[in-house]
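Next up, input.txt (compact mmCIF, N, CA and C atoms and all ligand atoms):
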# COMPACT_ATOMS: atom_id res chain seq x y z
N MET W 1 52.08 51.45 164.38
CA MET W 1 53.11 51.53 163.34
C MET W 1 53.94 52.79 163.58
N THR W 2 55.26 52.65 163.49
CA THR W 2 56.16 53.77 163.73
C THR W 2 56.66 54.31 162.40
N ASP W 3 56.48 55.64 162.21
CA ASP W 3 56.99 56.26 160.99
C ASP W 3 58.46 56.59 161.17
N SER W 4 59.27 56.40 160.12
CA SER W 4 60.67 56.77 160.17
C SER W 4 60.90 57.94 159.22
N PHE W 5 61.54 58.99 159.71
CA PHE W 5 61.76 60.21 158.95
C PHE W 5 63.26 60.43 158.79
N PRO W 6 63.67 61.20 157.78
CA PRO W 6 65.02 61.76 157.86
C PRO W 6 64.97 62.91 158.86
N LEU W 7 66.10 63.23 159.49
CA LEU W 7 66.12 64.41 160.35
C LEU W 7 65.93 65.65 159.49
N PRO W 8 65.27 66.70 160.00
CA PRO W 8 65.10 67.93 159.22
C PRO W 8 66.47 68.50 158.82
N PRO W 9 66.54 69.12 157.63
CA PRO W 9 67.82 69.63 157.13
C PRO W 9 68.17 70.99 157.74
N LYS W 10 68.18 71.09 159.04
CA LYS W 10 68.54 72.33 159.72
C LYS W 10 69.20 71.96 161.05
N SER W 11 69.79 72.95 161.70
CA SER W 11 70.49 72.66 162.95
C SER W 11 69.51 72.58 164.11
N PRO W 12 69.63 71.56 164.96
CA PRO W 12 68.78 71.52 166.14
C PRO W 12 69.21 72.57 167.15
N ALA W 13 68.25 73.05 167.95
CA ALA W 13 68.59 73.97 169.04
C ALA W 13 69.33 73.21 170.14
N LEU W 14 69.02 71.91 170.25
CA LEU W 14 69.52 71.12 171.38
C LEU W 14 69.56 69.66 170.99
N ARG W 15 70.59 68.94 171.44
CA ARG W 15 70.62 67.48 171.30
C ARG W 15 71.01 66.91 172.65
N VAL W 16 70.34 65.82 173.04
CA VAL W 16 70.62 65.25 174.37
C VAL W 16 70.23 63.77 174.37
N VAL W 17 70.92 62.99 175.20
CA VAL W 17 70.62 61.56 175.35
C VAL W 17 70.06 61.34 176.75
N PRO W 18 68.79 60.91 176.89
CA PRO W 18 68.25 60.64 178.22
C PRO W 18 68.98 59.49 178.92
N GLN W 19 69.15 59.66 180.21
CA GLN W 19 69.89 58.71 181.04
C GLN W 19 68.92 57.86 181.86
N PRO W 20 69.39 56.76 182.47
CA PRO W 20 68.49 55.92 183.28
C PRO W 20 67.76 56.71 184.36
N SER W 21 68.39 57.73 184.91
CA SER W 21 67.73 58.52 185.97
C SER W 21 66.57 59.35 185.44
N ASP W 22 66.42 59.44 184.10
CA ASP W 22 65.32 60.21 183.49
C ASP W 22 64.12 59.32 183.17
N ALA W 23 64.19 58.02 183.53
CA ALA W 23 63.17 57.06 183.09
C ALA W 23 62.44 56.43 184.27
N ASN W 24 61.28 55.84 183.94
CA ASN W 24 60.56 55.06 184.95
C ASN W 24 61.12 53.63 184.98
N VAL W 25 60.50 52.77 185.79
CA VAL W 25 61.06 51.42 185.97
C VAL W 25 61.01 50.59 184.69
N HIS W 26 60.20 51.01 183.72
CA HIS W 26 60.10 50.26 182.46
C HIS W 26 61.08 50.76 181.41
N GLY W 27 61.82 51.79 181.73
CA GLY W 27 62.81 52.31 180.78
C GLY W 27 62.27 53.38 179.86
N ASP W 28 61.00 53.78 180.03
CA ASP W 28 60.44 54.88 179.23
C ASP W 28 60.76 56.19 179.93
N VAL W 29 61.12 57.18 179.15
CA VAL W 29 61.53 58.46 179.74
C VAL W 29 60.29 59.23 180.21
N PHE W 30 60.40 59.87 181.37
CA PHE W 30 59.30 60.65 181.95
C PHE W 30 58.91 61.80 181.02
N GLY W 31 57.59 62.00 180.86
CA GLY W 31 57.11 63.12 180.06
C GLY W 31 57.59 64.46 180.60
N GLY W 32 57.66 64.57 181.93
CA GLY W 32 58.08 65.83 182.54
C GLY W 32 59.52 66.18 182.20
N TRP W 33 60.35 65.15 182.06
CA TRP W 33 61.75 65.40 181.67
C TRP W 33 61.78 65.95 180.25
N ILE W 34 60.97 65.35 179.35
CA ILE W 34 60.94 65.83 177.97
C ILE W 34 60.40 67.26 177.92
N MET W 35 59.39 67.54 178.74
CA MET W 35 58.83 68.91 178.76
C MET W 35 59.89 69.92 179.17
N ALA W 36 60.73 69.56 180.14
CA ALA W 36 61.78 70.48 180.58
C ALA W 36 62.78 70.75 179.44
N GLN W 37 63.14 69.69 178.70
CA GLN W 37 64.10 69.88 177.60
C GLN W 37 63.47 70.72 176.49
N VAL W 38 62.17 70.49 176.22
CA VAL W 38 61.47 71.28 175.20
C VAL W 38 61.44 72.75 175.60
N ASP W 39 61.21 73.01 176.89
CA ASP W 39 61.18 74.39 177.38
C ASP W 39 62.55 75.05 177.17
N ILE W 40 63.62 74.30 177.48
CA ILE W 40 64.97 74.84 177.29
C ILE W 40 65.22 75.10 175.80
N ALA W 41 64.87 74.13 174.94
CA ALA W 41 65.11 74.28 173.49
C ALA W 41 64.36 75.49 172.94
N GLY W 42 63.09 75.63 173.34
CA GLY W 42 62.30 76.75 172.83
C GLY W 42 62.81 78.09 173.31
N SER W 43 63.39 78.11 174.50
CA SER W 43 63.87 79.38 175.06
C SER W 43 65.11 79.89 174.31
N ILE W 44 65.77 79.01 173.57
CA ILE W 44 67.02 79.44 172.90
C ILE W 44 66.72 80.45 171.79
N PRO W 45 65.85 80.14 170.79
CA PRO W 45 65.54 81.19 169.81
C PRO W 45 64.76 82.35 170.43
N ALA W 46 63.95 82.07 171.48
CA ALA W 46 63.18 83.16 172.09
C ALA W 46 64.10 84.17 172.76
N SER W 47 65.10 83.69 173.49
CA SER W 47 65.97 84.65 174.18
C SER W 47 66.91 85.34 173.20
N ARG W 48 67.23 84.65 172.08
CA ARG W 48 68.01 85.34 171.03
C ARG W 48 67.19 86.48 170.45
N ARG W 49 65.92 86.20 170.15
CA ARG W 49 65.06 87.24 169.57
C ARG W 49 64.83 88.38 170.57
N ALA W 50 64.73 88.01 171.84
CA ALA W 50 64.50 89.02 172.89
C ALA W 50 65.80 89.74 173.27
N ASN W 51 66.92 89.18 172.82
CA ASN W 51 68.23 89.71 173.19
C ASN W 51 68.37 89.84 174.72
N GLY W 52 67.92 88.79 175.40
CA GLY W 52 68.02 88.81 176.85
C GLY W 52 67.09 87.79 177.47
N ARG W 53 66.79 87.99 178.73
CA ARG W 53 66.04 86.97 179.46
C ARG W 53 64.58 86.90 178.99
N VAL W 54 64.05 85.68 179.08
CA VAL W 54 62.64 85.44 178.79
C VAL W 54 62.07 84.54 179.89
N ALA W 55 60.76 84.61 180.04
CA ALA W 55 60.05 83.70 180.95
C ALA W 55 59.00 82.96 180.12
N THR W 56 58.83 81.69 180.41
CA THR W 56 57.78 80.91 179.75
C THR W 56 56.44 81.33 180.33
N VAL W 57 55.54 81.84 179.47
CA VAL W 57 54.23 82.24 179.99
C VAL W 57 53.17 81.18 179.71
N ALA W 58 53.34 80.41 178.63
CA ALA W 58 52.31 79.41 178.30
C ALA W 58 52.88 78.25 177.50
N VAL W 59 52.36 77.07 177.80
CA VAL W 59 52.55 75.90 176.93
C VAL W 59 51.22 75.77 176.19
N ASN W 60 51.23 76.16 174.92
CA ASN W 60 49.97 76.23 174.17
C ASN W 60 49.50 74.85 173.72
N SER W 61 50.44 74.02 173.35
CA SER W 61 50.09 72.65 172.97
C SER W 61 51.31 71.77 173.21
N PHE W 62 51.03 70.50 173.48
CA PHE W 62 52.13 69.56 173.75
C PHE W 62 51.61 68.16 173.43
N VAL W 63 52.23 67.51 172.47
CA VAL W 63 51.78 66.17 172.07
C VAL W 63 52.95 65.21 172.14
N PHE W 64 52.78 64.14 172.91
CA PHE W 64 53.76 63.05 172.94
C PHE W 64 53.29 62.02 171.91
N LYS W 65 53.98 61.97 170.77
CA LYS W 65 53.51 61.13 169.66
C LYS W 65 54.02 59.69 169.78
N GLN W 66 55.23 59.55 170.31
CA GLN W 66 55.85 58.22 170.46
C GLN W 66 56.63 58.22 171.76
N PRO W 67 56.84 57.04 172.38
CA PRO W 67 57.64 57.01 173.61
C PRO W 67 59.11 57.32 173.34
N VAL W 68 59.78 57.78 174.38
CA VAL W 68 61.23 58.04 174.32
C VAL W 68 61.90 57.05 175.27
N PHE W 69 63.02 56.48 174.82
CA PHE W 69 63.72 55.47 175.62
C PHE W 69 65.09 55.96 176.03
N VAL W 70 65.56 55.43 177.16
CA VAL W 70 66.93 55.71 177.59
C VAL W 70 67.88 55.33 176.45
N GLY W 71 68.82 56.21 176.15
CA GLY W 71 69.81 55.94 175.10
C GLY W 71 69.44 56.50 173.75
N ASP W 72 68.17 56.93 173.54
CA ASP W 72 67.83 57.60 172.28
C ASP W 72 68.66 58.88 172.16
N LEU W 73 69.03 59.22 170.94
CA LEU W 73 69.64 60.54 170.70
C LEU W 73 68.52 61.47 170.27
N LEU W 74 68.20 62.44 171.11
CA LEU W 74 67.08 63.35 170.85
C LEU W 74 67.59 64.65 170.24
N SER W 75 66.92 65.08 169.18
CA SER W 75 67.24 66.37 168.55
C SER W 75 66.00 67.25 168.65
N PHE W 76 66.17 68.46 169.15
CA PHE W 76 65.09 69.42 169.37
C PHE W 76 65.23 70.55 168.36
N TYR W 77 64.24 70.68 167.48
CA TYR W 77 64.24 71.75 166.47
C TYR W 77 63.26 72.82 166.93
N ALA W 78 63.72 74.05 167.03
CA ALA W 78 62.89 75.13 167.59
C ALA W 78 62.83 76.28 166.59
N GLU W 79 61.60 76.69 166.29
CA GLU W 79 61.41 77.73 165.27
C GLU W 79 60.38 78.75 165.77
N ILE W 80 60.72 80.03 165.65
CA ILE W 80 59.78 81.09 166.02
C ILE W 80 58.65 81.11 165.00
N VAL W 81 57.41 81.03 165.50
CA VAL W 81 56.26 81.05 164.59
C VAL W 81 55.44 82.33 164.73
N LYS W 82 55.69 83.11 165.80
CA LYS W 82 54.91 84.34 166.00
C LYS W 82 55.65 85.24 166.99
N THR W 83 55.60 86.53 166.73
CA THR W 83 56.08 87.48 167.74
C THR W 83 55.00 88.53 167.96
N GLY W 84 54.95 89.08 169.17
CA GLY W 84 54.04 90.17 169.49
C GLY W 84 54.84 91.35 170.01
N THR W 85 54.24 92.13 170.90
CA THR W 85 54.96 93.28 171.46
C THR W 85 56.07 92.81 172.41
N THR W 86 55.70 91.88 173.30
CA THR W 86 56.70 91.37 174.26
C THR W 86 56.89 89.86 174.15
N SER W 87 56.06 89.18 173.37
CA SER W 87 56.06 87.71 173.39
C SER W 87 56.63 87.10 172.11
N VAL W 88 57.14 85.89 172.29
CA VAL W 88 57.69 85.10 171.18
C VAL W 88 57.10 83.70 171.31
N THR W 89 56.45 83.23 170.26
CA THR W 89 55.88 81.88 170.27
C THR W 89 56.76 80.98 169.41
N VAL W 90 57.10 79.83 169.98
CA VAL W 90 58.08 78.93 169.35
C VAL W 90 57.46 77.54 169.21
N GLU W 91 57.64 76.96 168.03
CA GLU W 91 57.25 75.56 167.81
C GLU W 91 58.49 74.69 167.99
N VAL W 92 58.35 73.63 168.77
CA VAL W 92 59.47 72.72 169.02
C VAL W 92 59.08 71.32 168.55
N GLU W 93 59.92 70.74 167.71
CA GLU W 93 59.71 69.36 167.25
C GLU W 93 60.89 68.52 167.74
N VAL W 94 60.58 67.34 168.24
CA VAL W 94 61.61 66.47 168.81
C VAL W 94 61.66 65.16 168.03
N TYR W 95 62.84 64.80 167.60
CA TYR W 95 63.06 63.54 166.87
C TYR W 95 64.01 62.68 167.68
N ALA W 96 63.75 61.36 167.68
CA ALA W 96 64.62 60.40 168.36
C ALA W 96 65.30 59.51 167.34
N GLN W 97 66.62 59.37 167.49
CA GLN W 97 67.36 58.33 166.77
C GLN W 97 67.51 57.20 167.79
N ARG W 98 66.85 56.08 167.52
CA ARG W 98 66.73 55.01 168.50
C ARG W 98 68.09 54.41 168.83
N MET W 99 68.44 54.46 170.10
CA MET W 99 69.69 53.87 170.58
C MET W 99 70.87 54.27 169.71
N ARG W 100 70.80 55.49 169.22
CA ARG W 100 71.87 56.09 168.42
C ARG W 100 72.13 55.35 167.11
N LEU W 101 71.17 54.52 166.65
CA LEU W 101 71.29 53.94 165.32
C LEU W 101 70.75 54.98 164.35
N GLN W 102 71.57 55.40 163.42
CA GLN W 102 71.25 56.57 162.60
C GLN W 102 70.05 56.34 161.67
N ASP W 103 69.72 55.06 161.38
CA ASP W 103 68.74 54.84 160.32
C ASP W 103 67.29 54.82 160.83
N GLU W 104 67.07 54.80 162.14
CA GLU W 104 65.67 54.87 162.60
C GLU W 104 65.44 56.19 163.31
N VAL W 105 64.68 57.07 162.65
CA VAL W 105 64.40 58.39 163.19
C VAL W 105 62.89 58.49 163.38
N VAL W 106 62.48 58.84 164.59
CA VAL W 106 61.06 58.89 164.93
C VAL W 106 60.74 60.27 165.51
N LYS W 107 59.66 60.89 165.01
CA LYS W 107 59.22 62.14 165.62
C LYS W 107 58.46 61.79 166.89
N VAL W 108 58.97 62.23 168.04
CA VAL W 108 58.39 61.79 169.31
C VAL W 108 57.49 62.84 169.96
N THR W 109 57.77 64.10 169.71
CA THR W 109 57.03 65.16 170.42
C THR W 109 56.91 66.40 169.55
N GLU W 110 55.77 67.09 169.65
CA GLU W 110 55.68 68.43 169.07
C GLU W 110 54.94 69.33 170.05
N ALA W 111 55.41 70.57 170.15
CA ALA W 111 54.87 71.48 171.16
C ALA W 111 54.98 72.91 170.68
N THR W 112 54.12 73.76 171.24
CA THR W 112 54.20 75.19 170.98
C THR W 112 54.15 75.92 172.31
N LEU W 113 55.13 76.78 172.51
CA LEU W 113 55.26 77.50 173.78
C LEU W 113 55.40 79.00 173.52
N THR W 114 54.93 79.80 174.47
CA THR W 114 55.08 81.25 174.36
C THR W 114 55.97 81.75 175.51
N TYR W 115 56.93 82.58 175.13
CA TYR W 115 57.87 83.20 176.07
C TYR W 115 57.64 84.70 176.05
N VAL W 116 57.92 85.35 177.18
CA VAL W 116 57.80 86.81 177.27
C VAL W 116 59.18 87.38 177.61
N ALA W 117 59.60 88.37 176.84
CA ALA W 117 60.84 89.08 177.18
C ALA W 117 60.61 89.82 178.49
N THR W 118 61.56 89.66 179.41
CA THR W 118 61.39 90.32 180.71
C THR W 118 62.65 91.11 181.05
N GLY W 119 62.44 92.12 181.90
CA GLY W 119 63.55 92.92 182.38
C GLY W 119 64.06 92.38 183.71
N ALA W 120 64.99 93.14 184.29
CA ALA W 120 65.56 92.73 185.58
C ALA W 120 64.49 92.71 186.67
N ASP W 121 63.40 93.48 186.46
CA ASP W 121 62.29 93.50 187.42
C ASP W 121 61.30 92.36 187.20
N ARG W 122 61.62 91.48 186.21
CA ARG W 122 60.77 90.33 185.86
C ARG W 122 59.44 90.74 185.23
N ARG W 123 59.31 91.99 184.81
CA ARG W 123 58.10 92.44 184.14
C ARG W 123 58.33 92.39 182.63
N PRO W 124 57.25 92.30 181.82
CA PRO W 124 57.42 92.24 180.37
C PRO W 124 58.13 93.48 179.83
N ARG W 125 58.94 93.26 178.82
CA ARG W 125 59.60 94.39 178.13
C ARG W 125 59.42 94.17 176.64
N ALA W 126 59.38 95.26 175.88
CA ALA W 126 59.16 95.16 174.43
C ALA W 126 60.33 94.45 173.77
N LEU W 127 60.01 93.64 172.77
CA LEU W 127 61.06 93.00 171.98
C LEU W 127 61.85 94.08 171.25
N PRO W 128 63.16 93.91 171.11
CA PRO W 128 63.93 94.89 170.33
C PRO W 128 63.56 94.78 168.86
N ASP W 129 63.81 95.87 168.11
CA ASP W 129 63.59 95.83 166.66
C ASP W 129 64.53 94.81 166.03
N VAL W 130 64.05 94.20 164.94
CA VAL W 130 64.91 93.27 164.20
C VAL W 130 65.86 94.10 163.34
N GLU W 131 67.16 93.79 163.42
CA GLU W 131 68.14 94.58 162.65
C GLU W 131 68.10 94.22 161.18
C1 LIG I 201 55.52 86.18 182.02
C2 LIG I 201 54.96 87.32 182.87
C3 LIG I 201 56.11 88.27 183.27
C4 LIG I 201 53.97 88.09 182.00
O1 LIG I 201 53.42 89.08 182.80
P1 LIG I 201 51.90 89.56 182.50
O2 LIG I 201 51.61 90.72 183.38
O3 LIG I 201 51.02 88.36 182.56
O4 LIG I 201 52.08 90.08 181.02
P2 LIG I 201 50.99 90.61 179.98
O5 LIG I 201 49.58 90.30 180.35
O6 LIG I 201 51.38 92.03 179.72
O7 LIG I 201 51.35 89.72 178.69
C5 LIG I 201 52.65 89.75 178.14
C6 LIG I 201 52.63 88.98 176.85
O8 LIG I 201 52.36 87.61 177.12
C7 LIG I 201 51.26 87.16 176.34
N1 LIG I 201 50.52 86.19 177.12
C8 LIG I 201 50.06 86.34 178.38
N2 LIG I 201 49.40 85.23 178.76
C9 LIG I 201 49.47 84.37 177.71
C10 LIG I 201 48.97 83.06 177.48
N3 LIG I 201 48.28 82.40 178.41
N4 LIG I 201 49.22 82.50 176.28
C11 LIG I 201 49.93 83.14 175.34
N5 LIG I 201 50.42 84.40 175.48
C12 LIG I 201 50.17 84.99 176.67
C13 LIG I 201 50.44 88.42 176.08
O9 LIG I 201 49.61 88.26 174.94
C14 LIG I 201 51.54 89.44 175.87
O10 LIG I 201 52.08 89.31 174.57
P3 LIG I 201 52.38 90.61 173.60
O11 LIG I 201 53.04 91.66 174.44
O12 LIG I 201 53.31 90.06 172.56
O13 LIG I 201 51.07 91.03 173.08
C15 LIG I 201 54.23 86.79 184.16
O14 LIG I 201 53.02 86.17 183.77
C16 LIG I 201 55.09 85.81 184.93
O15 LIG I 201 56.05 86.21 185.61
N6 LIG I 201 54.76 84.51 184.82
C17 LIG I 201 55.62 83.48 185.42
C18 LIG I 201 56.70 83.07 184.43
C19 LIG I 201 57.53 81.91 184.93
O16 LIG I 201 58.00 81.93 186.05
N7 LIG I 201 57.68 80.91 184.08
C20 LIG I 201 58.45 79.72 184.42
C21 LIG I 201 57.57 78.59 184.83
S1 LIG I 201 57.17 78.66 186.54
Show the structure stored in the file as structure tokens.
Ligand SMILES: CC(C)(COP(=O)(O)OP(=O)(O)OC[C@H]1O[C@@H](n2cnc3c(N)ncnc32)[C@H](O)[C@@H]1OP(=O)(O)O)[C@@H](O)C(=O)NCCC(=O)NCCS
Amino acid sequence: MTDSFPLPPKSPALRVVPQPSDANVHGDVFGGWIMAQVDIAGSIPASRRANGRVATVAVNSFVFKQPVFVGDLLSFYAEIVKTGTTSVTVEVEVYAQRMRLQDEVVKVTEATLTYVATGADRRPRALPDVE
């Protein structure tokens, strides 16, 4: 049974429509493609918080709850859930609007990733103070 949700009342970090080249022969989108988009979406609030470059240090959890199909409109919501001295942990939730029909919204993926603020030497650097 597929649950249908309204989209969360906030701005997504990223929206994208998977193309045929992102899918297997059955038309289901590759998990690795979704993981790459999740990594990009999560890095957006992380690099804003770091005020500069970040590197992904860990994928703490990743759940594919429902399949993703070519032509779905995917919205990636990314929220910082933890910060440390150099690290930022981000929760990413992905919703699909099936074949761009606005009335069927399905939560397809949820993940938590940790990013580390890095300098030009690629070593960890302290997060700047929050203004
Ligand atoms: C990211 C990187 C610079 C961190 O360097 P490091 O010497 O391991 O850093 P540290 O041990 O000082 O840890 C830095 C922070 O990461 C956190 N961290 C390290 N490993 C972690 C893990 N497995 N899970 C969650 N957090 C982790 C630490 O807790 C620390 O956070 P804090 O400063 O907020 O307390 C280094 O591991 C690296 O270059 N990794 C490759 C990154 C990359 O290329 N990613 C793209 C995919 S290939």
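Using only C-alpha atoms and all ligand atoms, we find that the residues with an atom at most 9 Å from any atom of ligand LIG 201 (chain I) are W:Val54, W:Ala55, W:Thr56, W:Val57, W:Ala58, W:Val59, W:Asn60, W:Lys82, W:Thr83, W:Gly84, W:Thr85, W:Thr86, W:Ser87, W:Val88, W:Thr89, W:Leu113, W:Thr114, W:Tyr115, W:Val116, W:Ala117, W:Thr118, W:Gly119, W:Arg122, W:Arg123, W:Pro124, W:Arg125, W:Ala126, W:Leu127.
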Deliver the residues from the most recent selection as a file, using N, CA and C atoms, as an mmCIF file, keeping the file's coordinate frame.
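So the final result, stored in selection_31.cif, reads:
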data_model
loop_
_atom_site.group_PDB
_atom_site.id
_atom_site.type_symbol
_atom_site.label_atom_id
_atom_site.label_comp_id
_atom_site.auth_asym_id
_atom_site.auth_seq_id
_atom_site.Cartn_x
_atom_site.Cartn_y
_atom_site.Cartn_z
ATOM 1 N N VAL W 54 64.050 85.680 179.080
ATOM 2 C CA VAL W 54 62.640 85.440 178.790
ATOM 3 C C VAL W 54 62.070 84.540 179.890
ATOM 4 N N ALA W 55 60.760 84.610 180.040
ATOM 5 C CA ALA W 55 60.050 83.700 180.950
ATOM 6 C C ALA W 55 59.000 82.960 180.120
ATOM 7 N N THR W 56 58.830 81.690 180.410
ATOM 8 C CA THR W 56 57.780 80.910 179.750
ATOM 9 C C THR W 56 56.440 81.330 180.330
ATOM 10 N N VAL W 57 55.540 81.840 179.470
ATOM 11 C CA VAL W 57 54.230 82.240 179.990
ATOM 12 C C VAL W 57 53.170 81.180 179.710
ATOM 13 N N ALA W 58 53.340 80.410 178.630
ATOM 14 C CA ALA W 58 52.310 79.410 178.300
ATOM 15 C C ALA W 58 52.880 78.250 177.500
ATOM 16 N N VAL W 59 52.360 77.070 177.800
ATOM 17 C CA VAL W 59 52.550 75.900 176.930
ATOM 18 C C VAL W 59 51.220 75.770 176.190
ATOM 19 N N ASN W 60 51.230 76.160 174.920
ATOM 20 C CA ASN W 60 49.970 76.230 174.170
ATOM 21 C C ASN W 60 49.500 74.850 173.720
ATOM 22 N N LYS W 82 55.690 83.110 165.800
ATOM 23 C CA LYS W 82 54.910 84.340 166.000
ATOM 24 C C LYS W 82 55.650 85.240 166.990
ATOM 25 N N THR W 83 55.600 86.530 166.730
ATOM 26 C CA THR W 83 56.080 87.480 167.740
ATOM 27 C C THR W 83 55.000 88.530 167.960
ATOM 28 N N GLY W 84 54.950 89.080 169.170
ATOM 29 C CA GLY W 84 54.040 90.170 169.490
ATOM 30 C C GLY W 84 54.840 91.350 170.010
ATOM 31 N N THR W 85 54.240 92.130 170.900
ATOM 32 C CA THR W 85 54.960 93.280 171.460
ATOM 33 C C THR W 85 56.070 92.810 172.410
ATOM 34 N N THR W 86 55.700 91.880 173.300
ATOM 35 C CA THR W 86 56.700 91.370 174.260
ATOM 36 C C THR W 86 56.890 89.860 174.150
ATOM 37 N N SER W 87 56.060 89.180 173.370
ATOM 38 C CA SER W 87 56.060 87.710 173.390
ATOM 39 C C SER W 87 56.630 87.100 172.110
ATOM 40 N N VAL W 88 57.140 85.890 172.290
ATOM 41 C CA VAL W 88 57.690 85.100 171.180
ATOM 42 C C VAL W 88 57.100 83.700 171.310
ATOM 43 N N THR W 89 56.450 83.230 170.260
ATOM 44 C CA THR W 89 55.880 81.880 170.270
ATOM 45 C C THR W 89 56.760 80.980 169.410
ATOM 46 N N LEU W 113 55.130 76.780 172.510
ATOM 47 C CA LEU W 113 55.260 77.500 173.780
ATOM 48 C C LEU W 113 55.400 79.000 173.520
ATOM 49 N N THR W 114 54.930 79.800 174.470
ATOM 50 C CA THR W 114 55.080 81.250 174.360
ATOM 51 C C THR W 114 55.970 81.750 175.510
ATOM 52 N N TYR W 115 56.930 82.580 175.130
ATOM 53 C CA TYR W 115 57.870 83.200 176.070
ATOM 54 C C TYR W 115 57.640 84.700 176.050
ATOM 55 N N VAL W 116 57.920 85.350 177.180
ATOM 56 C CA VAL W 116 57.800 86.810 177.270
ATOM 57 C C VAL W 116 59.180 87.380 177.610
ATOM 58 N N ALA W 117 59.600 88.370 176.840
ATOM 59 C CA ALA W 117 60.840 89.080 177.180
ATOM 60 C C ALA W 117 60.610 89.820 178.490
ATOM 61 N N THR W 118 61.560 89.660 179.410
ATOM 62 C CA THR W 118 61.390 90.320 180.710
ATOM 63 C C THR W 118 62.650 91.110 181.050
ATOM 64 N N GLY W 119 62.440 92.120 181.900
ATOM 65 C CA GLY W 119 63.550 92.920 182.380
ATOM 66 C C GLY W 119 64.060 92.380 183.710
ATOM 67 N N ARG W 122 61.620 91.480 186.210
ATOM 68 C CA ARG W 122 60.770 90.330 185.860
ATOM 69 C C ARG W 122 59.440 90.740 185.230
ATOM 70 N N ARG W 123 59.310 91.990 184.810
ATOM 71 C CA ARG W 123 58.100 92.440 184.140
ATOM 72 C C ARG W 123 58.330 92.390 182.630
ATOM 73 N N PRO W 124 57.250 92.300 181.820
ATOM 74 C CA PRO W 124 57.420 92.240 180.370
ATOM 75 C C PRO W 124 58.130 93.480 179.830
ATOM 76 N N ARG W 125 58.940 93.260 178.820
ATOM 77 C CA ARG W 125 59.600 94.390 178.130
ATOM 78 C C ARG W 125 59.420 94.170 176.640
ATOM 79 N N ALA W 126 59.380 95.260 175.880
ATOM 80 C CA ALA W 126 59.160 95.160 174.430
ATOM 81 C C ALA W 126 60.330 94.450 173.770
ATOM 82 N N LEU W 127 60.010 93.640 172.770
ATOM 83 C CA LEU W 127 61.060 93.000 171.980
ATOM 84 C C LEU W 127 61.850 94.080 171.250
#
Closest of W:Ala50, W:Lys107, W:Ala78, W:Val92 to Phe62 in chain W - atom-to-atom distances counting only C-alpha atoms: W:Val92
If you run DSSP over the backbone, which residues in chain W end up strand (DSSP E)? Put them as a PyMOL selection string. chain W and resi 14-16+54-64+73-83+87-97+105-117
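If you look at CA of Glu104 in chain W and CA of Val68 in chain W, they are 12.9 Å away from each other.
Of the listed residues W:Ser47, W:Gln19, W:Ser61, W:Asn24, the one whose atoms come nearest to Thr112 in chain W is W:Ser61, with distances taken using all atoms listed in the file.
If you look at atom N of Phe64 in chain W and CA of Gly31 in chain W, they are 8.4 Å away from each other.
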Using all atoms listed in the file, find all polymer residues with an atom at most 5 Å away from the point (59.4, 79.6, 166.2); report them as a VMD selection string. chain W and resid 78 to 81 89 to 91
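Using all atoms listed in the file, the smallest distance between any of W:Val29, W:Asn51, W:Gln37, W:Ser75 and Leu14 in chain W comes from W:Ser75.
Restricting the calculation to only N, CA and C atoms, the smallest distance between Gly27 in chain W and any of W:Ala13, W:Val70, W:Ala46, W:Met99 is found for W:Val70.
The spacing separating CA of Leu7 in chain W from CA of His26 in chain W amounts to 26.9 Å.
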At a cut-off of 7 Å, using all atoms listed in the file, what residues contact Val16 in chain W? Leave out same-chain residues fewer than 3 positions from it and give the result as a PyMOL selection string. chain W and resi 72-76
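Nearest residue to Tyr77 in chain W, choosing from W:Pro6, W:Gly42, W:Pro18, W:Pro128 and counting only N, CA and C atoms: W:Gly42.
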Just asking: which residues within range 15-125 of chain W are helix (DSSP H, G or I) according to DSSP, as a PyMOL selection string? chain W and resi 20-22+31-50+98-100
From the set W:Ala120, W:Val38, W:Phe69, W:Ala111, which residue has the shortest atom-to-atom contact distance to Arg98 in chain W, counting only N, CA and C atoms? W:Phe69
